[in-house]
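Raw contents of entry-v7.cif, mmCIF, C-alpha atoms:
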```
data_structure
loop_
_atom_site.label_atom_id
_atom_site.label_comp_id
_atom_site.auth_asym_id
_atom_site.auth_seq_id
_atom_site.Cartn_x
_atom_site.Cartn_y
_atom_site.Cartn_z
CA MET G 1 -1.96 27.26 18.34
CA LEU G 2 -3.49 28.93 21.36
CA PRO G 3 -2.28 32.22 22.79
CA LEU G 4 -0.68 32.23 26.22
CA VAL G 5 -1.56 35.25 28.33
CA ASP G 6 -1.02 36.89 31.70
CA GLU G 7 -3.94 37.43 34.10
CA GLU G 8 -4.85 40.69 32.33
CA GLY G 9 -5.03 39.01 28.91
CA ASN G 10 -1.74 40.32 27.53
CA LEU G 11 -0.07 37.94 25.07
CA THR G 12 2.99 36.18 26.49
CA GLY G 13 3.49 33.34 23.99
CA ALA G 14 1.76 30.46 22.23
CA ALA G 15 1.25 26.72 22.74
CA THR G 16 -0.76 23.85 21.32
CA ARG G 17 -4.09 22.76 22.82
CA GLY G 18 -2.40 19.58 24.04
CA GLU G 19 0.34 21.54 25.79
CA CYS G 20 -2.28 23.75 27.49
CA HIS G 21 -4.28 20.73 28.73
CA ASP G 22 -1.47 18.39 29.82
CA GLY G 23 -1.17 19.68 33.38
CA SER G 24 1.34 22.39 32.45
CA LYS G 25 -1.09 25.09 33.67
CA LEU G 26 -0.15 27.37 30.79
CA LEU G 27 -2.64 30.25 31.10
CA HIS G 28 -4.72 30.51 27.92
CA PRO G 29 -7.87 32.56 27.19
CA VAL G 30 -11.36 31.19 26.63
CA VAL G 31 -14.81 32.67 26.06
CA HIS G 32 -18.09 31.65 27.68
CA LEU G 33 -21.54 32.82 26.60
CA HIS G 34 -24.60 32.30 28.80
CA VAL G 35 -27.63 32.19 26.51
CA PHE G 36 -30.93 33.08 28.19
CA ASN G 37 -34.37 33.13 26.61
CA ARG G 38 -36.94 35.84 27.38
CA GLN G 39 -38.49 33.58 30.06
CA GLY G 40 -35.21 33.73 32.01
CA LYS G 41 -34.24 30.11 31.31
CA LEU G 42 -30.56 29.38 30.69
CA TYR G 43 -29.49 27.17 27.79
CA LEU G 44 -26.88 24.55 28.73
CA GLN G 45 -24.99 22.29 26.36
CA LYS G 46 -24.32 18.64 27.08
CA ARG G 47 -20.74 17.55 26.54
CA PRO G 48 -20.45 14.36 24.48
CA ALA G 49 -18.99 11.18 25.95
CA TRP G 50 -15.96 11.38 23.63
CA LYS G 51 -14.67 14.70 25.09
CA ASP G 52 -11.40 14.38 27.01
CA ILE G 53 -12.45 16.90 29.66
CA GLN G 54 -15.73 16.45 31.62
CA PRO G 55 -17.49 14.05 29.22
CA GLY G 56 -21.28 13.70 29.59
CA LYS G 57 -21.72 16.72 31.87
CA TRP G 58 -23.85 19.82 31.32
CA ASP G 59 -21.89 22.99 30.66
CA THR G 60 -22.07 26.68 29.79
CA SER G 61 -24.19 27.49 26.71
CA VAL G 62 -21.10 28.26 24.63
CA GLY G 63 -17.46 27.83 25.54
CA GLY G 64 -14.28 27.73 23.55
CA HIS G 65 -10.70 28.75 23.13
CA ILE G 66 -9.63 32.06 21.70
CA ASP G 67 -7.40 31.37 18.71
CA LEU G 68 -3.97 32.92 18.33
CA GLY G 69 -4.46 36.37 16.76
CA GLU G 70 -8.21 36.45 17.52
CA ASN G 71 -9.86 38.95 19.86
CA VAL G 72 -12.44 38.09 22.53
CA GLU G 73 -15.47 39.41 20.61
CA ALA G 74 -14.54 37.54 17.42
CA ALA G 75 -13.99 34.32 19.39
CA LEU G 76 -17.36 34.73 21.13
CA LYS G 77 -19.21 35.15 17.82
CA ARG G 78 -17.28 32.27 16.17
CA GLU G 79 -17.89 29.84 19.04
CA ALA G 80 -21.60 30.76 19.32
CA TYR G 81 -22.04 30.05 15.62
CA GLU G 82 -19.92 26.87 15.63
CA GLU G 83 -21.55 25.35 18.71
CA LEU G 84 -25.17 26.55 18.57
CA GLY G 85 -25.62 28.07 15.11
CA ILE G 86 -26.56 31.44 16.58
CA GLN G 87 -25.54 34.80 15.19
CA GLY G 88 -26.68 38.39 15.25
CA PHE G 89 -26.89 38.51 19.04
CA THR G 90 -25.84 41.30 21.39
CA SER G 91 -23.65 40.24 24.28
CA GLU G 92 -22.96 41.81 27.64
CA LYS G 93 -19.67 41.23 29.46
CA LEU G 94 -20.17 39.77 32.93
CA ILE G 95 -16.75 38.95 34.36
CA HIS G 96 -13.26 37.75 33.59
CA TYR G 97 -11.31 35.52 35.96
CA VAL G 98 -8.77 32.72 36.16
CA PHE G 99 -10.12 29.16 36.42
CA GLU G 100 -7.72 26.38 37.37
CA SER G 101 -8.31 22.63 37.37
CA GLU G 102 -5.85 19.82 37.82
CA ARG G 103 -5.27 19.74 34.03
CA GLU G 104 -5.38 23.36 32.91
CA LYS G 105 -5.49 27.06 33.75
CA GLU G 106 -7.76 29.39 31.76
CA LEU G 107 -8.42 33.11 31.63
CA VAL G 108 -12.20 33.10 31.20
CA PHE G 109 -14.11 35.97 29.58
CA ALA G 110 -17.80 35.40 30.41
CA TYR G 111 -20.70 37.10 28.64
CA LYS G 112 -24.48 36.74 28.49
CA THR G 113 -27.14 37.31 25.89
CA VAL G 114 -30.91 36.99 25.59
CA TYR G 115 -31.73 35.01 22.47
CA ASP G 116 -35.04 33.58 21.31
CA GLY G 117 -34.02 32.44 17.85
CA ILE G 118 -33.37 28.92 16.63
CA ILE G 119 -30.61 27.04 18.42
CA ALA G 120 -29.04 24.21 16.43
CA PRO G 121 -26.38 22.38 18.48
CA SER G 122 -23.47 21.13 16.37
CA ASN G 123 -22.06 17.63 16.41
CA GLU G 124 -19.41 19.00 18.84
CA LEU G 125 -22.18 18.68 21.45
CA ASP G 126 -24.56 16.01 22.71
CA GLY G 127 -27.46 18.45 22.38
CA GLY G 128 -28.68 20.94 24.94
CA ARG G 129 -31.76 22.49 26.48
CA PHE G 130 -33.05 25.46 28.45
CA TRP G 131 -33.02 25.04 32.24
CA THR G 132 -34.98 27.03 34.81
CA MET G 133 -32.90 28.61 37.55
CA ASP G 134 -34.64 26.31 40.06
CA GLU G 135 -33.56 23.24 38.06
CA ILE G 136 -29.98 24.48 38.08
CA TYR G 137 -30.01 25.29 41.82
CA GLU G 138 -31.42 21.81 42.58
CA SER G 139 -28.67 20.11 40.53
CA LEU G 140 -25.65 22.03 41.86
CA GLY G 141 -23.12 19.82 43.65
CA LYS G 142 -24.61 16.59 42.26
CA GLU G 143 -22.04 15.88 39.49
CA VAL G 144 -24.53 17.02 36.84
CA PHE G 145 -22.54 20.06 35.69
CA THR G 146 -18.89 20.65 34.87
CA PRO G 147 -16.89 22.21 37.71
CA ASN G 148 -16.20 25.14 35.37
CA PHE G 149 -19.92 25.84 34.95
CA GLU G 150 -20.71 25.45 38.66
CA ASN G 151 -17.85 27.76 39.63
CA GLU G 152 -18.88 30.42 37.12
CA PHE G 153 -22.61 30.13 37.87
CA GLN G 154 -21.93 30.69 41.56
CA LYS G 155 -19.62 33.66 40.85
CA ILE G 156 -22.11 35.42 38.59
CA PHE G 157 -25.64 34.32 39.42
CA MET G 158 -25.61 33.42 43.13
CA LYS G 159 -24.13 36.54 44.69
CA GLY G 160 -27.46 38.27 45.04
CA ASN G 161 -26.86 39.68 41.58
CA ASN G 162 -30.27 38.70 40.18
CA SER G 163 -30.03 41.35 37.47
CA SER G 164 -27.32 39.25 35.81
CA ALA G 165 -29.71 36.40 35.18
CA THR G 166 -31.90 37.99 32.54
#
```
What do you get writing this file as structure tokens?
Amino acid sequence: MLPLVDEEGNLTGAATRGECHDGSKLLHPVVHLHVFNRQGKLYLQKRPAWKDIQPGKWDTSVGGHIDLGENVEAALKREAYEELGIQGFTSEKLIHYVFESEREKELVFAYKTVYDGIIAPSNELDGGRFWTMDEIYESLGKEVFTPNFENEFQKIFMKGNNSSAT
């Protein structure tokens, strides 16, 4: 079960993942973690072809649902470990906002970290790699990335807020 929330993150109910992704637009919370290395490159994960949403596209380093009864920080640490095998990192909150697609509506809590340890993508992913900011800028709008990632990247890293990048 996933929590349902209002736009401030207050619990309003619960629903299954399927109910949240069936076009109902039930607002549910998710976490995103942007993982940078010390060279300022951003790690992106590749979504596998079997995913029901945005298969085969490059996406935020870490992204996942907050479980019912779980807080944002716990979800962030759990998802980072489950998806990339990373732990012991310090995160910085960047933004929270509502993202809506034709299938779902999410309350996104986005964070960043600088991490130079070993990254071991799980079988939930089709691998991943570090991208330079120039590589990302050159690929925006070309169907390379998920709409969620492009939207968030533009909100956080393209508003002249260069200090957010590293």
Which value, in Å to one decimal, gives the distance between CA of Ala75 (chain G) and CA of Ile136 (chain G)?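 Separating CA of Ala75 (chain G) from CA of Ile136 (chain G) is a distance of 26.5 Å.
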Could you list, as a ChimeraX atom specification, every residue within 12 Å of Tyr43 (chain G), counting all atoms listed in the file and ignoring same-chain residues fewer than 2 positions away? /G:33-41,45-46,58-62,84,112-116,118-121,127-133,135-136,165
If we count only C-alpha atoms, what is near Tyr137 (chain G) at a cut-off of 10 Å, once residues fewer than 4 positions away on the same chain are taken out, given as a ChimeraX atom specification? /G:132-133,141,150,153-154,158
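With distances restricted to only C-alpha atoms, G:Gly63 is the closest residue to Arg78 (chain G) from G:Gly56, G:Gly117, G:Gly23, G:Gly63.
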Report as JSON lines the residues of region 20-135 of chain G within 7 Å of region 1-4 of chain G, each with its shortest atom pair and distance in Å (one decimal), using all atoms listed in the file, ordered by chain and increasing residue number.
```
{"residue": "G:Leu26", "atom": "CA", "partner": "G:Leu4", "partner_atom": "CA", "distance": 6.7}
{"residue": "G:Leu27", "atom": "CA", "partner": "G:Leu4", "partner_atom": "CA", "distance": 5.6}
{"residue": "G:His28", "atom": "CA", "partner": "G:Leu4", "partner_atom": "CA", "distance": 4.7}
{"residue": "G:Ile66", "atom": "CA", "partner": "G:Leu2", "partner_atom": "CA", "distance": 6.9}
{"residue": "G:Asp67", "atom": "CA", "partner": "G:Leu2", "partner_atom": "CA", "distance": 5.3}
{"residue": "G:Leu68", "atom": "CA", "partner": "G:Pro3", "partner_atom": "CA", "distance": 4.8}
```
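Proximity to Glu19 (chain G) was assessed for G:His96, G:Lys155, G:Lys105, G:Lys51 counting all atoms listed in the file; the smallest distance is recorded for G:Lys105.
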Quick one: residues within 10 Å of (-16.6, 24.1, 33.7) (file frame), counting only C-alpha atoms, please, as a PyMOL selection string. chain G and resi 32+53-54+57-60+63+99-101+145-153
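With distances restricted to all atoms listed in the file, G:Glu106 is the closest residue to Ser24 (chain G) from G:Gly64, G:Thr90, G:Tyr111, G:Glu106.
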Which one is closest to Pro29 (chain G): G:Leu140, G:Val98, G:Leu42, G:Ile156? Count all atoms listed in the file.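 Among G:Leu140, G:Val98, G:Leu42, G:Ile156, it is G:Val98 that comes nearest to Pro29 (chain G).
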Region 136-148 of chain G rebuilt with N, CA and C atoms, output as a short mmCIF file (atom, residue, chain, number, x, y, z; two decimals), in the coordinates of the input:
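Output below, filename rebuild_33.cif:
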```cif
data_model
loop_
_atom_site.label_atom_id
_atom_site.label_comp_id
_atom_site.auth_asym_id
_atom_site.auth_seq_id
_atom_site.Cartn_x
_atom_site.Cartn_y
_atom_site.Cartn_z
N ILE G 136 -31.43 24.37 37.91
CA ILE G 136 -29.98 24.48 38.08
C ILE G 136 -29.61 24.45 39.56
N TYR G 137 -30.30 25.27 40.38
CA TYR G 137 -30.01 25.29 41.82
C TYR G 137 -30.14 23.89 42.43
N GLU G 138 -31.18 23.16 42.02
CA GLU G 138 -31.42 21.81 42.58
C GLU G 138 -30.34 20.81 42.15
N SER G 139 -29.66 21.05 41.05
CA SER G 139 -28.67 20.11 40.53
C SER G 139 -27.23 20.45 40.89
N LEU G 140 -27.00 21.64 41.47
CA LEU G 140 -25.65 22.03 41.86
C LEU G 140 -25.08 21.04 42.88
N GLY G 141 -23.80 20.71 42.71
CA GLY G 141 -23.12 19.82 43.65
C GLY G 141 -23.46 18.36 43.51
N LYS G 142 -24.17 17.99 42.44
CA LYS G 142 -24.61 16.59 42.26
C LYS G 142 -23.94 15.93 41.06
N GLU G 143 -22.79 16.46 40.62
CA GLU G 143 -22.04 15.88 39.49
C GLU G 143 -22.80 15.95 38.16
N VAL G 144 -23.76 16.85 38.08
CA VAL G 144 -24.53 17.02 36.84
C VAL G 144 -23.79 17.97 35.89
N PHE G 145 -23.19 19.00 36.46
CA PHE G 145 -22.54 20.06 35.69
C PHE G 145 -21.02 19.93 35.75
N THR G 146 -20.35 20.58 34.80
CA THR G 146 -18.89 20.65 34.87
C THR G 146 -18.51 21.55 36.05
N PRO G 147 -17.35 21.31 36.65
CA PRO G 147 -16.89 22.21 37.71
C PRO G 147 -16.75 23.64 37.21
N ASN G 148 -16.34 23.80 35.94
CA ASN G 148 -16.20 25.14 35.37
C ASN G 148 -17.53 25.88 35.41
#
```
